[in-house]
file final00.cif (mmCIF, C-alpha atoms and all ligand atoms)
data_data
#
loop_
_atom_site.label_atom_id
_atom_site.label_comp_id
_atom_site.auth_asym_id
_atom_site.auth_seq_id
_atom_site.Cartn_x
_atom_site.Cartn_y
_atom_site.Cartn_z
CA MET L 1407 17.84 7.98 -31.22
CA THR L 1408 17.51 8.37 -27.43
CA GLN L 1409 14.20 9.79 -26.25
CA ARG L 1410 14.08 12.88 -24.02
CA PRO L 1411 13.37 11.77 -20.41
CA GLN L 1412 9.68 12.36 -19.68
CA GLY L 1413 8.82 14.14 -16.44
CA VAL L 1414 10.23 16.86 -14.19
CA VAL L 1415 12.84 16.97 -11.42
CA THR L 1416 11.21 16.95 -7.99
CA ARG L 1417 12.44 16.85 -4.38
CA GLY L 1418 14.88 13.99 -3.83
CA THR L 1419 13.91 13.04 -0.26
CA THR L 1420 14.66 9.43 0.57
CA ASN L 1421 15.78 7.32 3.54
CA PRO L 1422 17.40 3.96 4.17
CA ASN L 1423 14.79 1.23 4.64
CA ARG L 1424 11.98 3.60 3.77
CA LEU L 1425 10.66 1.21 1.11
CA ARG L 1426 11.10 -2.10 2.97
CA ARG L 1427 7.33 -2.68 3.24
CA VAL L 1428 6.69 -2.38 -0.48
CA ASP L 1429 9.90 -4.31 -1.27
CA ASN L 1430 8.85 -7.23 0.94
CA TRP L 1431 5.42 -7.17 -0.70
CA ILE L 1432 7.03 -7.15 -4.17
CA VAL L 1433 9.17 -10.18 -3.26
CA ALA L 1434 6.09 -12.06 -1.98
CA THR L 1435 3.59 -10.95 -4.62
CA CYS L 1436 5.53 -10.23 -7.83
CA GLY L 1437 8.33 -12.74 -7.24
CA ASP L 1438 6.86 -15.45 -9.47
CA ARG L 1439 6.52 -13.06 -12.40
CA LEU L 1440 10.16 -12.08 -12.04
CA ARG L 1441 11.26 -15.69 -11.55
CA THR L 1442 9.77 -16.70 -14.90
CA ALA L 1443 10.84 -13.56 -16.80
CA ALA L 1444 13.15 -14.18 -19.76
CA ASP L 1445 15.20 -11.15 -18.69
CA PRO L 1446 15.10 -10.39 -14.92
CA LEU L 1447 15.44 -6.65 -15.47
CA VAL L 1448 14.00 -4.31 -12.83
CA VAL L 1449 13.80 -0.51 -12.93
CA ASP L 1450 13.67 1.69 -9.85
CA LEU L 1451 12.31 4.94 -11.23
CA GLY L 1452 13.08 8.16 -9.35
CA TYR L 1453 15.44 6.83 -6.66
CA GLY L 1454 16.12 10.32 -5.32
CA ALA L 1455 19.06 12.19 -3.79
CA THR L 1456 20.88 8.98 -2.86
CA PRO L 1457 20.46 5.52 -4.43
CA VAL L 1458 20.06 3.76 -1.09
CA THR L 1459 16.56 2.35 -1.75
CA ALA L 1460 17.63 1.11 -5.21
CA VAL L 1461 20.57 -0.73 -3.61
CA GLU L 1462 18.17 -2.23 -1.06
CA LEU L 1463 15.62 -3.32 -3.68
CA ARG L 1464 18.31 -5.10 -5.73
CA ALA L 1465 19.56 -6.90 -2.56
CA ARG L 1466 16.04 -7.94 -1.50
CA LEU L 1467 15.16 -9.27 -4.94
CA ALA L 1468 18.49 -11.10 -5.27
CA ALA L 1469 18.00 -12.75 -1.87
CA GLY L 1470 14.27 -13.44 -2.14
CA VAL L 1471 13.54 -14.00 -5.83
CA ARG L 1472 16.53 -14.67 -8.09
CA ALA L 1473 20.24 -14.00 -7.75
CA ASP L 1474 20.66 -12.87 -11.37
CA VAL L 1475 18.24 -9.95 -11.10
CA ARG L 1476 19.58 -6.77 -12.76
CA LEU L 1477 18.43 -3.44 -11.40
CA VAL L 1478 18.70 -0.14 -13.22
CA GLY L 1479 18.02 2.98 -11.16
CA LEU L 1480 16.64 5.72 -13.38
CA GLU L 1481 16.57 9.38 -12.36
CA ILE L 1482 15.47 12.39 -14.32
CA ASP L 1483 17.99 14.60 -12.47
CA PRO L 1484 21.47 14.15 -14.06
CA ALA L 1485 23.18 15.33 -10.83
CA ARG L 1486 21.51 12.44 -8.96
CA VAL L 1487 22.63 9.98 -11.64
CA ALA L 1488 26.23 11.20 -11.21
CA ALA L 1489 25.95 11.06 -7.40
CA ALA L 1490 24.79 7.41 -7.56
CA ALA L 1491 27.73 6.21 -9.68
CA PRO L 1492 29.92 5.08 -6.73
CA ALA L 1493 27.14 2.70 -5.62
CA ALA L 1494 26.97 0.95 -9.03
CA ASP L 1495 27.90 -2.72 -9.23
CA PRO L 1496 27.58 -3.59 -12.93
CA PRO L 1497 25.98 -5.57 -14.41
CA ARG L 1498 23.80 -6.23 -11.35
CA LEU L 1499 23.18 -2.61 -10.39
CA THR L 1500 23.57 0.44 -12.63
CA PHE L 1501 22.25 3.99 -12.75
CA ALA L 1502 21.15 6.05 -15.74
CA ARG L 1503 19.15 9.09 -16.72
CA GLY L 1504 15.54 8.40 -17.64
CA GLY L 1505 11.91 9.31 -17.06
CA PHE L 1506 8.49 7.71 -17.44
CA GLU L 1507 9.52 6.35 -20.87
CA LEU L 1508 12.06 4.16 -18.95
CA ALA L 1509 15.02 5.18 -21.16
CA GLY L 1510 14.28 2.55 -23.81
CA LEU L 1511 14.48 -0.36 -21.30
CA ARG L 1512 11.93 -3.21 -21.30
CA PRO L 1513 11.84 -4.25 -17.63
CA ALA L 1514 9.86 -7.10 -16.11
CA LEU L 1515 9.18 -4.96 -13.04
CA VAL L 1516 9.19 -1.23 -12.24
CA ARG L 1517 9.00 0.32 -8.79
CA ALA L 1518 8.15 4.05 -8.89
CA PHE L 1519 7.84 5.28 -5.31
CA ASN L 1520 7.20 8.80 -4.07
CA VAL L 1521 7.63 10.06 -7.63
CA LEU L 1522 4.09 10.95 -8.75
CA ARG L 1523 3.27 12.47 -5.38
CA GLN L 1524 4.72 15.79 -6.50
CA TYR L 1525 2.86 15.83 -9.83
CA ASP L 1526 -0.71 16.91 -10.52
CA GLU L 1527 -3.42 14.28 -10.21
CA ARG L 1528 -4.25 14.82 -13.88
CA ASP L 1529 -0.71 13.69 -14.87
CA VAL L 1530 -1.11 10.25 -13.31
CA ALA L 1531 -3.00 8.43 -16.08
CA ALA L 1532 -0.50 9.46 -18.77
CA ALA L 1533 2.49 8.56 -16.58
CA TRP L 1534 0.96 5.13 -15.84
CA ARG L 1535 0.30 4.58 -19.57
CA THR L 1536 3.84 5.58 -20.56
CA MET L 1537 5.46 3.33 -17.95
CA THR L 1538 3.24 0.28 -18.56
CA ALA L 1539 3.71 0.61 -22.35
CA ALA L 1540 7.46 0.19 -21.81
CA LEU L 1541 7.15 -3.02 -19.74
CA ALA L 1542 8.29 -6.38 -21.10
CA PRO L 1543 5.37 -8.74 -21.92
CA GLY L 1544 3.72 -9.71 -18.62
CA GLY L 1545 5.61 -6.94 -16.81
CA LEU L 1546 4.41 -5.18 -13.66
CA LEU L 1547 4.51 -1.63 -12.31
CA VAL L 1548 4.27 -0.84 -8.58
CA GLU L 1549 3.53 2.87 -8.07
CA GLY L 1550 2.92 4.42 -4.70
CA THR L 1551 3.67 6.69 -1.79
CA CYS L 1552 4.87 6.36 1.80
CA ASP L 1553 5.92 8.55 4.71
CA GLU L 1554 9.56 9.52 5.37
CA LEU L 1555 10.27 6.44 7.50
CA GLY L 1556 8.10 3.96 5.61
CA ARG L 1557 5.62 3.43 8.42
CA LEU L 1558 2.55 4.21 6.32
CA GLY L 1559 2.18 3.56 2.62
CA GLY L 1560 -0.10 2.81 -0.28
CA TRP L 1561 0.62 1.46 -3.74
CA VAL L 1562 -1.07 0.42 -6.96
CA LEU L 1563 -0.09 -2.68 -8.93
CA LEU L 1564 -0.48 -2.25 -12.68
CA ASP L 1565 0.22 -4.21 -15.82
CA ALA L 1566 -0.23 -3.41 -19.50
CA ASP L 1567 -4.02 -3.58 -19.06
CA GLY L 1568 -4.03 -0.88 -16.35
CA PRO L 1569 -4.39 -0.78 -12.56
CA HIS L 1570 -5.08 -4.11 -10.87
CA SER L 1571 -5.07 -3.51 -7.09
CA LEU L 1572 -4.48 -1.09 -4.22
CA THR L 1573 -2.45 -2.12 -1.18
CA LEU L 1574 -2.40 -0.18 2.09
CA ALA L 1575 0.35 -0.94 4.60
CA ALA L 1576 1.14 0.29 8.10
CA ARG L 1577 3.69 -0.37 10.80
CA LEU L 1578 1.18 -1.61 13.33
CA GLY L 1579 3.33 -0.87 16.37
CA THR L 1580 3.03 2.87 15.71
CA LEU L 1581 -0.38 3.00 14.04
CA ASP L 1582 -2.67 5.42 15.81
CA THR L 1583 -5.70 5.01 13.57
CA PRO L 1584 -6.08 3.69 9.99
CA ALA L 1585 -7.41 7.12 8.95
CA THR L 1586 -3.77 8.28 8.85
CA LEU L 1587 -3.25 5.99 5.84
CA ALA L 1588 -5.29 8.50 3.84
CA GLU L 1589 -2.30 10.89 3.95
CA ARG L 1590 -0.15 8.37 2.09
CA LEU L 1591 -2.52 7.20 -0.61
CA PRO L 1592 -1.04 7.01 -4.12
CA LYS L 1593 -1.46 10.19 -6.14
CA ALA L 1594 -4.41 8.75 -8.11
CA LEU L 1595 -6.40 8.51 -4.85
CA ILE L 1596 -5.01 11.02 -2.37
CA HIS L 1597 -7.43 13.76 -3.39
CA ARG L 1598 -10.33 11.29 -3.42
CA ASN L 1599 -10.70 10.75 0.30
CA VAL L 1600 -13.98 12.65 0.22
CA PRO L 1601 -17.60 11.53 0.65
CA GLY L 1602 -18.95 9.82 -2.47
CA GLU L 1603 -15.61 8.23 -3.40
CA ARG L 1604 -15.00 4.53 -2.86
CA VAL L 1605 -11.57 5.00 -1.28
CA HIS L 1606 -13.21 7.24 1.32
CA ASP L 1607 -15.62 4.41 2.08
CA LEU L 1608 -12.68 2.04 2.48
CA ILE L 1609 -10.76 4.33 4.85
CA ARG L 1610 -13.93 4.97 6.86
CA ALA L 1611 -14.69 1.25 7.06
CA LEU L 1612 -11.13 0.59 8.25
CA ASP L 1613 -11.35 3.31 10.86
CA ASN L 1614 -14.74 2.14 12.14
CA GLY L 1615 -13.48 -1.44 12.16
CA TRP L 1616 -10.36 -0.44 14.12
CA ARG L 1617 -12.55 1.23 16.74
CA ALA L 1618 -14.87 -1.78 16.91
CA ALA L 1619 -11.81 -4.04 17.31
CA ALA L 1620 -10.59 -2.08 20.37
CA PRO L 1621 -11.25 -5.10 22.65
CA TYR L 1622 -8.41 -6.85 20.74
CA ALA L 1623 -5.92 -4.10 21.65
CA PRO L 1624 -4.63 -5.91 24.76
CA PHE L 1625 -3.53 -8.78 22.47
CA GLY L 1626 -1.45 -6.35 20.39
CA PRO L 1627 -1.97 -4.20 17.29
CA ARG L 1628 -1.44 -7.17 14.96
CA GLN L 1629 -4.49 -8.97 16.41
CA ARG L 1630 -6.47 -5.76 16.28
CA TRP L 1631 -5.60 -5.09 12.62
CA THR L 1632 -6.31 -8.71 11.63
CA ARG L 1633 -9.73 -8.48 13.30
CA THR L 1634 -10.34 -5.12 11.57
CA VAL L 1635 -9.56 -6.52 8.12
CA ALA L 1636 -11.56 -9.70 8.76
CA GLY L 1637 -14.49 -7.42 9.61
CA LEU L 1638 -14.13 -5.69 6.25
CA ARG L 1639 -14.26 -9.03 4.49
CA GLU L 1640 -17.38 -10.00 6.45
CA ALA L 1641 -18.93 -6.70 5.38
CA GLY L 1642 -18.40 -7.63 1.72
CA TRP L 1643 -15.16 -5.83 0.81
CA PRO L 1644 -13.47 -7.91 -1.92
CA LEU L 1645 -10.07 -8.48 -0.35
CA LEU L 1646 -7.34 -9.97 -2.54
CA ASP L 1647 -4.90 -10.97 0.20
CA ARG L 1648 -4.98 -13.47 3.04
CA PRO L 1649 -4.51 -13.25 6.82
CA ARG L 1650 -0.79 -14.00 6.38
CA ARG L 1651 -0.41 -10.55 4.76
CA TRP L 1652 -2.92 -8.88 7.11
CA ARG L 1653 -0.69 -9.82 10.04
CA LEU L 1654 2.03 -7.68 8.42
CA GLY L 1655 -0.26 -4.67 8.54
CA GLU L 1656 -1.39 -4.92 4.92
CA LEU L 1657 -4.65 -4.94 3.05
CA THR L 1658 -5.12 -5.37 -0.72
CA VAL L 1659 -8.32 -4.68 -2.66
CA PRO L 1660 -9.07 -4.78 -6.39
CA TRP L 1661 -8.64 -1.44 -8.11
CA SER L 1662 -12.32 -1.53 -9.10
CA ALA L 1663 -13.22 -1.33 -5.39
CA VAL L 1664 -11.50 2.04 -4.94
CA ALA L 1665 -11.16 3.57 -8.44
CA PRO L 1666 -12.13 7.26 -8.53
CA ARG L 1667 -15.70 7.81 -9.68
C1 LIG N 1 10.94 11.95 -3.32
S1 LIG N 1 12.16 11.23 -4.34
C2 LIG N 1 11.81 9.53 -4.08
C3 LIG N 1 13.04 8.72 -3.81
C4 LIG N 1 12.77 7.23 -3.54
N1 LIG N 1 12.08 6.61 -4.63
C5 LIG N 1 12.00 7.06 -2.26
O1 LIG N 1 10.80 6.73 -2.33
O2 LIG N 1 12.55 7.24 -1.18
C6 LIG N 1 11.49 11.50 -5.99
C7 LIG N 1 12.53 11.43 -7.09
O3 LIG N 1 11.88 11.16 -8.33
C8 LIG N 1 12.56 11.85 -9.35
N2 LIG N 1 11.64 11.97 -10.49
C9 LIG N 1 10.54 12.75 -10.59
N3 LIG N 1 9.92 12.55 -11.76
C10 LIG N 1 10.64 11.61 -12.41
C11 LIG N 1 10.50 10.97 -13.67
N4 LIG N 1 9.49 11.26 -14.46
N5 LIG N 1 11.42 10.06 -14.02
C12 LIG N 1 12.47 9.76 -13.20
N6 LIG N 1 12.65 10.32 -12.00
C13 LIG N 1 11.73 11.24 -11.60
C14 LIG N 1 12.94 13.16 -8.72
O4 LIG N 1 13.97 13.79 -9.42
C15 LIG N 1 13.30 12.73 -7.30
O5 LIG N 1 14.69 12.49 -7.19
#

call {"tool": "encode", "arguments": {"input": "final00.cif", "output": "structure tokens"}}
result
Amino acid sequence: MTQRPQGVVTRGTTNPNRLRRVDNWIVATCGDRLRTAADPLVVDLGYGATPVTAVELRARLAAGVRADVRLVGLEIDPARVAAAAPAADPPRLTFARGGFELAGLRPALVRAFNVLRQYDERDVAAAWRTMTAALAPGGLLVEGTCDELGRLGGWVLLDADGPHSLTLAARLGTLDTPATLAERLPKALIHRNVPGERVHDLIRALDNGWRAAAPYAPFGPRQRWTRTVAGLREAGWPLLDRPRRWRLGELTVPWSAVAPR
């Protein structure tokens, strides 16, 4: 018996290349897990009004991880499933109706981007549990938020045991101040940028560090960001990524360093 899709239809806003930052991070960070998966099945949950970012994710994974990757775009809105049909390229790329239960699939990887943003904060834990329970053994979920053009974003990496890390990412060429990243935190954290919460401490430390690194500005925003993140590490923040990722405008910390109190 097919399960009823879990969730609600929300705004379908999307844009070509909007998710390139998280996709590139997925290729670099989750690639090994997908490479060794018995079934290289990936779900893009909530692809929106057009399937463009699902098409892009499949292409990036095929080029950067393994050519036989199969991507299923799931949408809770049946009209958006019908609208995506012309972009299908079975068996590599297909579209179907589904929600947080993942339509009975057992994927090795799920990307759910800009989906939970329109839910209540109190819905997040159950949605995470439902999605991670459907993963194949060793599977991963990447859940997050970004702005319309993908210049600012934040995402959580989860597995069956729960949240593992938070990544913040910015297009450094247009970054005014790291404080703007607070507007694009994943739903679990976006209301927690308030004194007393760890994610607030992180954003404040980034902002202070960015100001302190102003002398690096003449060398470009990449140097300034790298100096900012190095400063966080020196101050004791437990960073999970290395300067190679910092230079891309990223920063990854363990979930325990930012989890809501
Ligand atoms: C803002 S769009 C995001 C599109 C694309 N992922 C992006 O980031 O550009 C959100 C989409 O998620 C869909 N959605 C919301 N809840 C869902 C759920 N539980 N399962 C599947 N799709 C869902 C909505 O119908 C909407 O089309």

call {"tool": "residues_near_ligand", "arguments": {"input": "final00.cif", "ligand": "ligand LIG 1 (chain N)", "cutoff": "7 Å", "atoms": "only C-alpha atoms and all ligand atoms", "output": "VMD selection string"}}
result
chain L and resid 1411 to 1421 1424 to 1425 1451 to 1455 1459 1480 to 1483 1504 to 1506 1518 to 1522

call {"tool": "atom_distance", "arguments": {"input": "final00.cif", "atom1": "CA of Ala1641 in chain L", "atom2": "CA of Gly1655 in chain L"}}
result
19.0 Å

call {"tool": "residues_around", "arguments": {"input": "final00.cif", "residues": "Arg1535 in chain L", "least_positions_apart": "2", "cutoff": "12 Å", "atoms": "all atoms listed in the file", "output": "VMD selection string"}}
result
chain L and resid 1506 to 1508 1529 to 1533 1537 to 1541 1547 1564 to 1569

call {"tool": "residues_around", "arguments": {"input": "final00.cif", "residues": "Asp1647 in chain L", "least_positions_apart": "6", "cutoff": "12 Å", "atoms": "all atoms listed in the file", "output": "list in words"}}
result
Trp1431, Ala1434, Thr1435, Ser1571, Leu1572, Thr1573, Leu1574, Thr1632, Val1635, Ala1636, Arg1639, Arg1653, Leu1654, Gly1655, Glu1656, Leu1657, Thr1658, Val1659 and Pro1660 of chain L

call {"tool": "closest_residue", "arguments": {"input": "final00.cif", "among": "L:His1606, L:Arg1517, L:Arg1426, L:Arg1528", "to": "Val1448 in chain L", "atoms": "all atoms listed in the file"}}
result
L:Arg1517

call {"tool": "closest_residue", "arguments": {"input": "final00.cif", "among": "L:Arg1441, L:Arg1464, L:Arg1667, L:Arg1476", "to": "Arg1598 in chain L", "atoms": "all atoms listed in the file"}}
result
L:Arg1667

call {"tool": "closest_residue", "arguments": {"input": "final00.cif", "among": "L:Ala1514, L:Leu1581, L:Ile1609, L:Ala1665", "to": "Pro1627 in chain L", "atoms": "only C-alpha atoms"}}
result
L:Leu1581

call {"tool": "atom_distance", "arguments": {"input": "final00.cif", "atom1": "CA of Ala1493 in chain L", "atom2": "CA of Asp1429 in chain L"}}
result
19.1 Å

call {"tool": "closest_residue", "arguments": {"input": "final00.cif", "among": "L:Ile1432, L:Ala1469, L:Asp1553, L:Val1475", "to": "Asp1445 in chain L", "atoms": "all atoms listed in the file"}}
result
L:Val1475

call {"tool": "atom_distance", "arguments": {"input": "final00.cif", "atom1": "CA of Thr1442 in chain L", "atom2": "CA of Thr1500 in chain L"}}
result
22.1 Å

call {"tool": "residues_around", "arguments": {"input": "final00.cif", "residues": "Leu1638 in chain L", "least_positions_apart": "4", "cutoff": "12 Å", "atoms": "only C-alpha atoms", "output": "PyMOL selection string"}}
result
chain L and resi 1607-1616+1618-1619+1631-1634+1642-1646+1652+1657-1659

call {"tool": "residues_around", "arguments": {"input": "final00.cif", "residues": "Arg1466 in chain L", "least_positions_apart": "5", "cutoff": "8 Å", "atoms": "only C-alpha atoms", "output": "number ranges by chain"}}
result
L: 1429-1430, 1433, 1471

call {"tool": "closest_residue", "arguments": {"input": "final00.cif", "among": "L:Lys1593, L:Arg1617, L:Arg1630, L:Arg1604", "to": "Gly1579 in chain L", "atoms": "all atoms listed in the file"}}
result
L:Arg1630

call {"tool": "closest_residue", "arguments": {"input": "final00.cif", "among": "L:Val1605, L:Val1516, L:Ile1596, L:Val1458", "to": "Ala1494 in chain L", "atoms": "only C-alpha atoms"}}
result
L:Val1458

call {"tool": "residues_near_point", "arguments": {"input": "final00.cif", "point": "(-6.2, 8.6, 8.0)", "cutoff": "10 Å", "atoms": "all atoms listed in the file", "output": "ChimeraX atom specification"}}
result
/L:1558,1582-1591,1599,1606,1609-1610,1612-1613
